[in-house]
Amino acid sequence: MCGIVGIRDAGGVSFSIYYSLYALQHRGQESAGIATFDGTKLHKHKAQGLVAEVFDPEILCSLEGNVGIGHVRYPTTGANRPENAQPFNFFFRDRIISIAHNGNLVNDRELRDEFEAKGQIFSTTTDTELIAKLLIDELGNSGSIEDAVHRCMRDLQGSYSVVMMIDGVLFGFRDPLGIKPMCLGKTKDGYIMASESVAVDALGGTFIRDIYPGELVCIDEEGLRSMQIARAGRRAHCIFEYIYFARADSVLDGKLVYDVRRTIGKKLHEEAPTSADLVSPVPDSGTAYAIGYSQRSDIPFVESLMKNRYMGRTFIMPSQTEREKAVRIKLNPIREFLADRSVVLVDDSIVRGTTSRRIIGIMRDAGAREIHMRIGSPAIKAPCYLGVDMPTREELIASDKEEEEVRRRITANTLHHISLAALVEAIGCDHRSLCTGCLTGCYPVPIKGEVSEPVRIEFLDGTYQTKLERFESE
Ligand code: AMP
């Protein structure tokens, strides 16, 4: 769970990267960083905190150059430490290299052991440094940058969308299964690569397309080039990006996330109709789903819970009692809408179950007579090893419980999770194009102690394609 961006634009890039990172802030709130290259020198700044806290105009003005990359971090591997903030910047044989990564490797321990056995040291605990080590290892063997990316795709297992800047040339690549998103856009005088299309929108740019799984895109003064390095027998886009993680206004692998969520809402009503007085979302994650449910059922959409927009990640309370109060500050029920009413309450997912139980409690205290919970994802049965911060099996409420037991624990009158078939239909692709590990417990990459269905990956004799059609159609 991180956001990445890379921009090359004749008009200078630091402010554009800043705005893009702002648009990707939902992907990570722990740290933010930007690295730019001015033709001879690298400029960089990164720190713990939100994008708005880490940068100010003076810092942005000091980040000179027409090419750069940026990152917002949410830790999935690697502790919450300042040195784990990205981009990583380093020098290798007169080359200036910056790299930023979104995803999670599952063979990082083995790869680290191999490097350490050769006497190499690591200065961070992130798997991004491992990607950097692999790249350097290949470059050190007099391989080209393309060979180095080929090596990464051969040796790395897991999810990785990467932006990288080498002596001012911008590269982006995505793992052969396309687990984490990454897209390409046109800016006024250049190009952008970013985790989600909202980063392109933030610059008033034009979305071109997603970066293909296994593709390497290179952007330099001559424009765009692309090379298909690897091709997998199937894709495995993260299903949870559609359910919760991506912004609703992003287009992910060809689908507008808002539309997917609204369609799921409609299907929730088809699968589990109810007659109620109103349909309410858990703001904001349930909104698009609730609108769909209301449209299909003709039950009025009413916002009966108001979210305090100013409660950020800094609102940390030391004790359980204080935390319970914090929920009240975060979400306030509107009594006038709830008193003696029967409510369909819609949210995207139940993970630990604590949020749903607390919200239902608050709504009952405000007078709601019945609460029918509808959830936009199937029950989450297994942890994620591929980049979404999810708890262990023991903490996942549905890992060992049937829906009826979950309903009882969250104290809803009725509970329904969307079926996997309906969810896949709403996304509009074959279920074999998605990673459904958290829902099925079966993963597209081998993970120790888990069931997996590994995918065959073919490596290609890459040649660069420069035709613009490759970027505009397909
Ligand atoms: P809970 O069931 O108490 O763990 O909370 C679930 C709610 O948290 C969901 O309705 C989501 O809106 C949100 N959520 C889902 N997945 C995550 C995640 N990986 N990190 C943070 N919040 C999440």
# chains A, B, ... in the order shown; residues from 1 in each chain; ligands from 1

call {"tool": "closest_atom_pairs", "arguments": {"of": "range 160-204 of chain A", "to": "range 18-21 of chain A", "cutoff": "9 Å", "atoms": "only C-alpha atoms", "output": "JSON lines"}}
result
{"residue": "A:Ala194", "atom": "CA", "partner": "A:Ser20", "partner_atom": "CA", "distance": 8.1}
{"residue": "A:Val198", "atom": "CA", "partner": "A:Ser20", "partner_atom": "CA", "distance": 7.8}
{"residue": "A:Ala199", "atom": "CA", "partner": "A:Ser20", "partner_atom": "CA", "distance": 4.4}
{"residue": "A:Val200", "atom": "CA", "partner": "A:Ser20", "partner_atom": "CA", "distance": 7.1}
{"residue": "A:Asp201", "atom": "CA", "partner": "A:Ser20", "partner_atom": "CA", "distance": 8.5}
{"residue": "A:Ala202", "atom": "CA", "partner": "A:Ser20", "partner_atom": "CA", "distance": 6.1}
{"residue": "A:Leu203", "atom": "CA", "partner": "A:Ser20", "partner_atom": "CA", "distance": 7.1}

call {"tool": "write_last_selection", "arguments": {"atoms": "N, CA, C and O atoms", "output": "mmCIF file, in the first residue's frame"}}
result
data_model
loop_
_atom_site.group_PDB
_atom_site.id
_atom_site.type_symbol
_atom_site.label_atom_id
_atom_site.label_comp_id
_atom_site.auth_asym_id
_atom_site.auth_seq_id
_atom_site.Cartn_x
_atom_site.Cartn_y
_atom_site.Cartn_z
ATOM 1 N N ALA A 194 1.994 6.735 -12.908
ATOM 2 C CA ALA A 194 1.535 6.851 -11.521
ATOM 3 C C ALA A 194 0.703 5.636 -11.124
ATOM 4 O O ALA A 194 0.179 4.925 -11.983
ATOM 5 N N VAL A 198 -5.984 9.132 -10.951
ATOM 6 C CA VAL A 198 -6.302 10.416 -10.296
ATOM 7 C C VAL A 198 -5.069 11.330 -10.231
ATOM 8 O O VAL A 198 -5.200 12.549 -10.182
ATOM 9 N N ALA A 199 -3.882 10.737 -10.262
ATOM 10 C CA ALA A 199 -2.654 11.546 -10.251
ATOM 11 C C ALA A 199 -2.492 12.269 -11.589
ATOM 12 O O ALA A 199 -1.974 13.386 -11.637
ATOM 13 N N VAL A 200 -2.936 11.638 -12.665
ATOM 14 C CA VAL A 200 -2.901 12.275 -13.987
ATOM 15 C C VAL A 200 -3.942 13.394 -14.012
ATOM 16 O O VAL A 200 -3.665 14.520 -14.457
ATOM 17 N N ASP A 201 -5.120 13.105 -13.504
ATOM 18 C CA ASP A 201 -6.199 14.107 -13.452
ATOM 19 C C ASP A 201 -5.751 15.342 -12.658
ATOM 20 O O ASP A 201 -6.074 16.469 -13.028
ATOM 21 N N ALA A 202 -5.024 15.113 -11.574
ATOM 22 C CA ALA A 202 -4.619 16.227 -10.705
ATOM 23 C C ALA A 202 -3.770 17.247 -11.463
ATOM 24 O O ALA A 202 -3.727 18.412 -11.085
ATOM 25 N N LEU A 203 -3.104 16.808 -12.524
ATOM 26 C CA LEU A 203 -2.251 17.722 -13.296
ATOM 27 C C LEU A 203 -2.974 18.259 -14.522
ATOM 28 O O LEU A 203 -2.368 18.922 -15.363
#

call {"tool": "select_by_dssp", "arguments": {"residues": "range 76-157 of chain A", "states": "alpha helix (DSSP H)", "output": "NGL selection string"}}
result
:A and (108-117 or 127-140 or 145-155)

call {"tool": "residues_near_ligand", "arguments": {"ligand": "ligand 1", "cutoff": "6 Å", "atoms": "only C-alpha atoms and all ligand atoms", "output": "list of chain:residue names"}}
result
A:Ser285, A:Asp347, A:Asp348, A:Ser349, A:Ile350, A:Val351, A:Arg352, A:Gly353, A:Thr354, A:Thr355, A:Val388, A:Asp389, A:Met390

call {"tool": "write_last_selection", "arguments": {"atoms": "C-alpha atoms", "output": "PDB file, in the first residue's frame"}}
result
ATOM      1  CA  SER A 285     -15.861   3.791   1.835  1.00  0.00           C
ATOM      2  CA  ASP A 347     -19.843  -0.708   3.618  1.00  0.00           C
ATOM      3  CA  ASP A 348     -17.040  -2.009   1.430  1.00  0.00           C
ATOM      4  CA  SER A 349     -15.645  -4.738   3.664  1.00  0.00           C
ATOM      5  CA  ILE A 350     -15.496  -6.218   7.128  1.00  0.00           C
ATOM      6  CA  VAL A 351     -11.945  -6.927   8.215  1.00  0.00           C
ATOM      7  CA  ARG A 352     -11.714  -7.301  11.987  1.00  0.00           C
ATOM      8  CA  GLY A 353     -15.383  -6.501  12.496  1.00  0.00           C
ATOM      9  CA  THR A 354     -14.749  -3.860  15.141  1.00  0.00           C
ATOM     10  CA  THR A 355     -15.755  -0.920  12.942  1.00  0.00           C
ATOM     11  CA  VAL A 388      -2.466  -4.719   1.264  1.00  0.00           C
ATOM     12  CA  ASP A 389      -2.088  -4.178   4.978  1.00  0.00           C
ATOM     13  CA  MET A 390      -4.384  -6.828   6.392  1.00  0.00           C
TER      14      MET A 390
END

call {"tool": "closest_residue", "arguments": {"among": "A:Ser356, A:Gln465, A:Ser399, A:Thr274", "to": "Thr411 in chain A", "atoms": "only C-alpha atoms"}}
result
A:Ser356

call {"tool": "closest_atom_pairs", "arguments": {"of": "range 98-203 of chain A", "to": "range 40-62 of chain A", "cutoff": "12 Å", "atoms": "only C-alpha atoms", "output": "JSON lines"}}
result
{"residue": "A:Ser98", "atom": "CA", "partner": "A:Leu42", "partner_atom": "CA", "distance": 8.9}
{"residue": "A:Ile99", "atom": "CA", "partner": "A:Lys44", "partner_atom": "CA", "distance": 11.8}
{"residue": "A:Ala100", "atom": "CA", "partner": "A:Lys46", "partner_atom": "CA", "distance": 11.9}
{"residue": "A:Met165", "atom": "CA", "partner": "A:Leu42", "partner_atom": "CA", "distance": 10.1}
{"residue": "A:Ile166", "atom": "CA", "partner": "A:Leu42", "partner_atom": "CA", "distance": 10.2}
{"residue": "A:Asp167", "atom": "CA", "partner": "A:Thr40", "partner_atom": "CA", "distance": 7.9}
{"residue": "A:Gly168", "atom": "CA", "partner": "A:Thr40", "partner_atom": "CA", "distance": 8.5}

call {"tool": "residues_around", "arguments": {"residues": "range 101-105 of chain A", "least_positions_apart": "3", "cutoff": "6 Å", "atoms": "only C-alpha atoms", "output": "ChimeraX atom specification"}}
result
/A:2,108,128,157-162,386-387

call {"tool": "residues_around", "arguments": {"residues": "Pro82 in chain A", "least_positions_apart": "4", "cutoff": "12 Å", "atoms": "only C-alpha atoms", "output": "PyMOL selection string"}}
result
chain A and resi 30-33+45-49+73+75+78+86-88+123-126

call {"tool": "write_last_selection", "arguments": {"atoms": "all heavy atoms", "output": "compact mmCIF listing (two decimals), in the first residue's frame"}}
result
# COMPACT_ATOMS: atom_id res chain seq x y z
N GLU A 30 2.34 7.51 5.87
CA GLU A 30 3.44 7.49 6.83
C GLU A 30 4.59 8.40 6.44
O GLU A 30 5.16 9.10 7.28
CB GLU A 30 3.94 6.07 6.98
CG GLU A 30 5.04 5.97 8.02
CD GLU A 30 5.79 4.68 7.90
OE1 GLU A 30 5.23 3.68 8.32
OE2 GLU A 30 6.93 4.69 7.40
N SER A 31 4.96 8.38 5.16
CA SER A 31 6.06 9.25 4.73
C SER A 31 5.84 9.65 3.29
O SER A 31 5.02 9.03 2.58
CB SER A 31 7.41 8.53 4.88
OG SER A 31 7.50 7.49 3.95
N ALA A 32 6.56 10.68 2.87
CA ALA A 32 6.46 11.14 1.48
C ALA A 32 7.84 11.58 1.03
O ALA A 32 8.64 12.05 1.84
CB ALA A 32 5.46 12.29 1.37
N GLY A 33 8.11 11.43 -0.28
CA GLY A 33 9.42 11.84 -0.77
C GLY A 33 9.41 12.14 -2.25
O GLY A 33 8.56 11.62 -2.99
N HIS A 45 14.17 15.14 -1.27
CA HIS A 45 13.66 15.46 0.05
C HIS A 45 12.62 14.41 0.42
O HIS A 45 11.73 14.10 -0.36
CB HIS A 45 13.01 16.85 0.07
CG HIS A 45 12.49 17.22 1.43
ND1 HIS A 45 13.33 17.63 2.44
CD2 HIS A 45 11.24 17.19 1.94
CE1 HIS A 45 12.59 17.85 3.53
NE2 HIS A 45 11.33 17.60 3.25
N LYS A 46 12.74 13.85 1.60
CA LYS A 46 11.74 12.90 2.09
C LYS A 46 11.71 12.94 3.60
O LYS A 46 12.71 13.27 4.24
CB LYS A 46 12.03 11.47 1.58
CG LYS A 46 13.39 10.92 1.94
CD LYS A 46 13.62 9.56 1.29
CE LYS A 46 15.00 9.04 1.60
NZ LYS A 46 15.27 7.74 1.01
N ALA A 47 10.54 12.66 4.15
CA ALA A 47 10.40 12.70 5.61
C ALA A 47 9.13 11.96 6.01
O ALA A 47 8.28 11.66 5.17
CB ALA A 47 10.33 14.15 6.09
N GLN A 48 8.99 11.72 7.30
CA GLN A 48 7.78 11.11 7.84
C GLN A 48 6.66 12.15 7.78
O GLN A 48 6.92 13.33 8.01
CB GLN A 48 7.97 10.74 9.31
CG GLN A 48 9.16 9.89 9.62
CD GLN A 48 8.90 8.43 9.35
OE1 GLN A 48 9.15 7.95 8.26
NE2 GLN A 48 8.39 7.73 10.34
N GLY A 49 5.46 11.72 7.51
CA GLY A 49 4.34 12.65 7.56
C GLY A 49 3.54 12.67 6.27
O GLY A 49 3.86 11.97 5.31
N ARG A 73 4.25 6.52 1.40
CA ARG A 73 4.46 5.18 1.97
C ARG A 73 3.45 4.81 3.03
O ARG A 73 3.09 5.59 3.89
CB ARG A 73 5.86 5.13 2.58
CG ARG A 73 6.15 3.86 3.34
CD ARG A 73 7.62 3.79 3.71
NE ARG A 73 7.83 2.90 4.85
CZ ARG A 73 7.94 1.59 4.76
NH1 ARG A 73 7.87 1.00 3.59
NH2 ARG A 73 8.12 0.85 5.85
N PRO A 75 3.45 1.39 5.40
CA PRO A 75 4.36 0.26 5.56
C PRO A 75 3.65 -1.08 5.48
O PRO A 75 2.72 -1.33 6.24
CB PRO A 75 4.94 0.47 6.95
CG PRO A 75 3.92 1.26 7.67
CD PRO A 75 3.15 2.04 6.67
N GLY A 78 8.88 -3.73 6.37
CA GLY A 78 9.80 -2.69 6.80
C GLY A 78 9.10 -1.87 7.86
O GLY A 78 7.92 -1.54 7.75
N GLN A 86 10.85 6.60 0.98
CA GLN A 86 11.35 6.53 -0.40
C GLN A 86 11.12 7.86 -1.09
O GLN A 86 10.34 8.65 -0.61
CB GLN A 86 10.61 5.41 -1.13
CG GLN A 86 10.80 4.05 -0.50
CD GLN A 86 10.20 2.94 -1.33
OE1 GLN A 86 10.15 3.02 -2.55
NE2 GLN A 86 9.72 1.91 -0.67
N PRO A 87 11.71 8.12 -2.27
CA PRO A 87 12.56 7.24 -3.08
C PRO A 87 13.91 6.95 -2.43
O PRO A 87 14.42 7.76 -1.66
CB PRO A 87 12.79 8.06 -4.36
CG PRO A 87 11.73 9.11 -4.37
CD PRO A 87 11.37 9.37 -2.97
N PHE A 88 14.46 5.78 -2.81
CA PHE A 88 15.85 5.46 -2.45
C PHE A 88 16.74 6.07 -3.50
O PHE A 88 16.47 5.95 -4.70
CB PHE A 88 16.09 3.96 -2.48
CG PHE A 88 15.52 3.26 -1.30
CD1 PHE A 88 14.84 2.07 -1.45
CD2 PHE A 88 15.68 3.79 -0.03
CE1 PHE A 88 14.30 1.44 -0.37
CE2 PHE A 88 15.14 3.15 1.06
CZ PHE A 88 14.45 1.97 0.89
N SER A 123 20.81 -1.16 4.21
CA SER A 123 20.67 -0.05 5.17
C SER A 123 19.21 0.20 5.56
O SER A 123 18.93 1.06 6.38
CB SER A 123 21.30 1.23 4.63
OG SER A 123 20.81 1.47 3.34
N THR A 124 18.29 -0.53 4.95
CA THR A 124 16.88 -0.40 5.34
C THR A 124 16.29 -1.81 5.47
O THR A 124 16.94 -2.79 5.10
CB THR A 124 16.03 0.34 4.28
OG1 THR A 124 15.85 -0.53 3.16
CG2 THR A 124 16.70 1.62 3.81
N THR A 125 15.06 -1.87 5.96
CA THR A 125 14.40 -3.18 6.06
C THR A 125 13.34 -3.35 4.98
O THR A 125 12.51 -4.24 5.06
CB THR A 125 13.75 -3.36 7.45
OG1 THR A 125 12.86 -2.25 7.66
CG2 THR A 125 14.78 -3.39 8.54
N THR A 126 13.34 -2.50 3.97
CA THR A 126 12.29 -2.59 2.95
C THR A 126 12.72 -3.50 1.80
O THR A 126 13.92 -3.68 1.55
CB THR A 126 11.99 -1.22 2.33
OG1 THR A 126 13.13 -0.80 1.60
CG2 THR A 126 11.67 -0.19 3.39

call {"tool": "residues_around", "arguments": {"residues": "Val451 in chain A", "least_positions_apart": "6", "cutoff": "10 Å", "atoms": "only C-alpha atoms", "output": "PyMOL selection string"}}
result
chain A and resi 437+440-445

call {"tool": "closest_residue", "arguments": {"among": "A:Lys188, A:Lys325, A:Arg27, A:Lys401", "to": "Val13 in chain A", "atoms": "only C-alpha atoms"}}
result
A:Lys188

call {"tool": "select_by_dssp", "arguments": {"residues": "range 242-358 of chain A", "states": "strand (DSSP E or B)", "output": "list of chain:residue names"}}
result
A:Val251, A:Leu252, A:Lys255, A:Leu256, A:Leu278, A:Val279, A:Ser280, A:Pro281, A:Phe301, A:Leu305, A:Met306, A:Lys307, A:Leu331, A:Asn332, A:Pro333, A:Ser342, A:Val343, A:Val344, A:Leu345, A:Val346, A:Asp347

call {"tool": "write_last_selection", "arguments": {"atoms": "C-alpha atoms", "output": "tab-separated table (two decimals), in the first residue's frame"}}
result
chain	number	residue	atom	x	y	z
A	251	VAL	CA	-9.71	4.10	-13.70
A	252	LEU	CA	-7.95	0.84	-12.87
A	255	LYS	CA	-12.51	0.15	-15.20
A	256	LEU	CA	-13.81	3.23	-13.40
A	278	LEU	CA	-33.42	4.16	4.03
A	279	VAL	CA	-30.06	3.11	2.61
A	280	SER	CA	-27.03	4.66	4.33
A	281	PRO	CA	-23.34	4.31	3.58
A	301	PHE	CA	-30.30	7.09	-0.10
A	305	LEU	CA	-23.76	9.16	9.51
A	306	MET	CA	-21.57	12.23	9.14
A	307	LYS	CA	-17.83	11.90	9.00
A	331	LEU	CA	-18.74	9.48	12.89
A	332	ASN	CA	-21.81	11.26	14.21
A	333	PRO	CA	-25.27	9.76	13.60
A	342	SER	CA	-35.14	0.43	9.48
A	343	VAL	CA	-31.77	1.00	7.76
A	344	VAL	CA	-29.75	-0.78	5.09
A	345	LEU	CA	-26.17	0.03	6.12
A	346	VAL	CA	-23.63	-0.44	3.33
A	347	ASP	CA	-19.84	-0.71	3.62

call {"tool": "decode", "arguments": {"residues": "range 352-374 of chain A", "atoms": "N, CA, C and O atoms", "output": "mmCIF file, in the first residue's frame"}}
result
data_model
loop_
_atom_site.group_PDB
_atom_site.id
_atom_site.type_symbol
_atom_site.label_atom_id
_atom_site.label_comp_id
_atom_site.auth_asym_id
_atom_site.auth_seq_id
_atom_site.Cartn_x
_atom_site.Cartn_y
_atom_site.Cartn_z
ATOM 1 N N ARG A 352 -11.703 -6.751 10.619
ATOM 2 C CA ARG A 352 -11.714 -7.301 11.987
ATOM 3 C C ARG A 352 -13.134 -7.359 12.558
ATOM 4 O O ARG A 352 -13.401 -8.074 13.507
ATOM 5 N N GLY A 353 -13.997 -6.521 12.028
ATOM 6 C CA GLY A 353 -15.383 -6.501 12.496
ATOM 7 C C GLY A 353 -15.622 -5.452 13.564
ATOM 8 O O GLY A 353 -16.764 -5.200 13.941
ATOM 9 N N THR A 354 -14.551 -4.824 14.048
ATOM 10 C CA THR A 354 -14.749 -3.860 15.141
ATOM 11 C C THR A 354 -15.468 -2.599 14.657
ATOM 12 O O THR A 354 -16.322 -2.070 15.361
ATOM 13 N N THR A 355 -15.128 -2.145 13.458
ATOM 14 C CA THR A 355 -15.755 -0.920 12.942
ATOM 15 C C THR A 355 -17.260 -1.112 12.801
ATOM 16 O O THR A 355 -18.055 -0.291 13.275
ATOM 17 N N SER A 356 -17.652 -2.208 12.152
ATOM 18 C CA SER A 356 -19.088 -2.444 11.923
ATOM 19 C C SER A 356 -19.841 -2.519 13.246
ATOM 20 O O SER A 356 -20.914 -1.938 13.399
ATOM 21 N N ARG A 357 -19.246 -3.233 14.202
ATOM 22 C CA ARG A 357 -19.953 -3.399 15.487
ATOM 23 C C ARG A 357 -20.140 -2.044 16.174
ATOM 24 O O ARG A 357 -21.224 -1.734 16.661
ATOM 25 N N ARG A 358 -19.082 -1.235 16.140
ATOM 26 C CA ARG A 358 -19.186 0.085 16.787
ATOM 27 C C ARG A 358 -20.210 0.969 16.086
ATOM 28 O O ARG A 358 -21.010 1.636 16.728
ATOM 29 N N ILE A 359 -20.181 0.953 14.759
ATOM 30 C CA ILE A 359 -21.099 1.834 14.018
ATOM 31 C C ILE A 359 -22.548 1.398 14.248
ATOM 32 O O ILE A 359 -23.438 2.230 14.464
ATOM 33 N N ILE A 360 -22.768 0.100 14.241
ATOM 34 C CA ILE A 360 -24.136 -0.378 14.482
ATOM 35 C C ILE A 360 -24.585 0.056 15.879
ATOM 36 O O ILE A 360 -25.725 0.505 16.076
ATOM 37 N N GLY A 361 -23.679 -0.016 16.848
ATOM 38 C CA GLY A 361 -23.988 0.439 18.214
ATOM 39 C C GLY A 361 -24.391 1.908 18.241
ATOM 40 O O GLY A 361 -25.405 2.279 18.859
ATOM 41 N N ILE A 362 -23.631 2.713 17.543
ATOM 42 C CA ILE A 362 -23.911 4.159 17.505
ATOM 43 C C ILE A 362 -25.290 4.415 16.879
ATOM 44 O O ILE A 362 -26.067 5.250 17.348
ATOM 45 N N MET A 363 -25.590 3.657 15.822
ATOM 46 C CA MET A 363 -26.872 3.884 15.124
ATOM 47 C C MET A 363 -28.049 3.419 15.980
ATOM 48 O O MET A 363 -29.108 4.035 15.990
ATOM 49 N N ARG A 364 -27.853 2.344 16.694
ATOM 50 C CA ARG A 364 -28.937 1.886 17.580
ATOM 51 C C ARG A 364 -29.155 2.908 18.705
ATOM 52 O O ARG A 364 -30.297 3.224 19.051
ATOM 53 N N ASP A 365 -28.047 3.419 19.251
ATOM 54 C CA ASP A 365 -28.175 4.448 20.296
ATOM 55 C C ASP A 365 -28.950 5.654 19.769
ATOM 56 O O ASP A 365 -29.622 6.356 20.535
ATOM 57 N N ALA A 366 -28.818 5.906 18.466
ATOM 58 C CA ALA A 366 -29.515 7.066 17.876
ATOM 59 C C ALA A 366 -30.953 6.709 17.500
ATOM 60 O O ALA A 366 -31.646 7.512 16.860
ATOM 61 N N GLY A 367 -31.382 5.482 17.809
ATOM 62 C CA GLY A 367 -32.789 5.146 17.643
ATOM 63 C C GLY A 367 -33.122 4.216 16.490
ATOM 64 O O GLY A 367 -34.288 3.867 16.301
ATOM 65 N N ALA A 368 -32.123 3.782 15.707
ATOM 66 C CA ALA A 368 -32.427 2.909 14.560
ATOM 67 C C ALA A 368 -33.101 1.627 15.058
ATOM 68 O O ALA A 368 -32.669 1.029 16.039
ATOM 69 N N ARG A 369 -34.160 1.225 14.353
ATOM 70 C CA ARG A 369 -34.939 0.059 14.792
ATOM 71 C C ARG A 369 -34.316 -1.242 14.282
ATOM 72 O O ARG A 369 -34.179 -2.209 15.022
ATOM 73 N N GLU A 370 -33.956 -1.241 12.983
ATOM 74 C CA GLU A 370 -33.344 -2.442 12.390
ATOM 75 C C GLU A 370 -32.146 -2.005 11.562
ATOM 76 O O GLU A 370 -32.204 -0.964 10.893
ATOM 77 N N ILE A 371 -31.098 -2.822 11.571
ATOM 78 C CA ILE A 371 -29.934 -2.504 10.737
ATOM 79 C C ILE A 371 -29.580 -3.733 9.899
ATOM 80 O O ILE A 371 -29.244 -4.798 10.438
ATOM 81 N N HIS A 372 -29.693 -3.545 8.578
ATOM 82 C CA HIS A 372 -29.406 -4.628 7.641
ATOM 83 C C HIS A 372 -28.093 -4.303 6.953
ATOM 84 O O HIS A 372 -28.021 -3.378 6.150
ATOM 85 N N MET A 373 -27.071 -5.055 7.302
ATOM 86 C CA MET A 373 -25.725 -4.725 6.806
ATOM 87 C C MET A 373 -25.484 -5.399 5.461
ATOM 88 O O MET A 373 -25.736 -6.601 5.303
ATOM 89 N N ARG A 374 -24.998 -4.617 4.490
ATOM 90 C CA ARG A 374 -24.668 -5.152 3.167
ATOM 91 C C ARG A 374 -23.226 -4.761 2.860
ATOM 92 O O ARG A 374 -22.849 -3.595 2.999
#
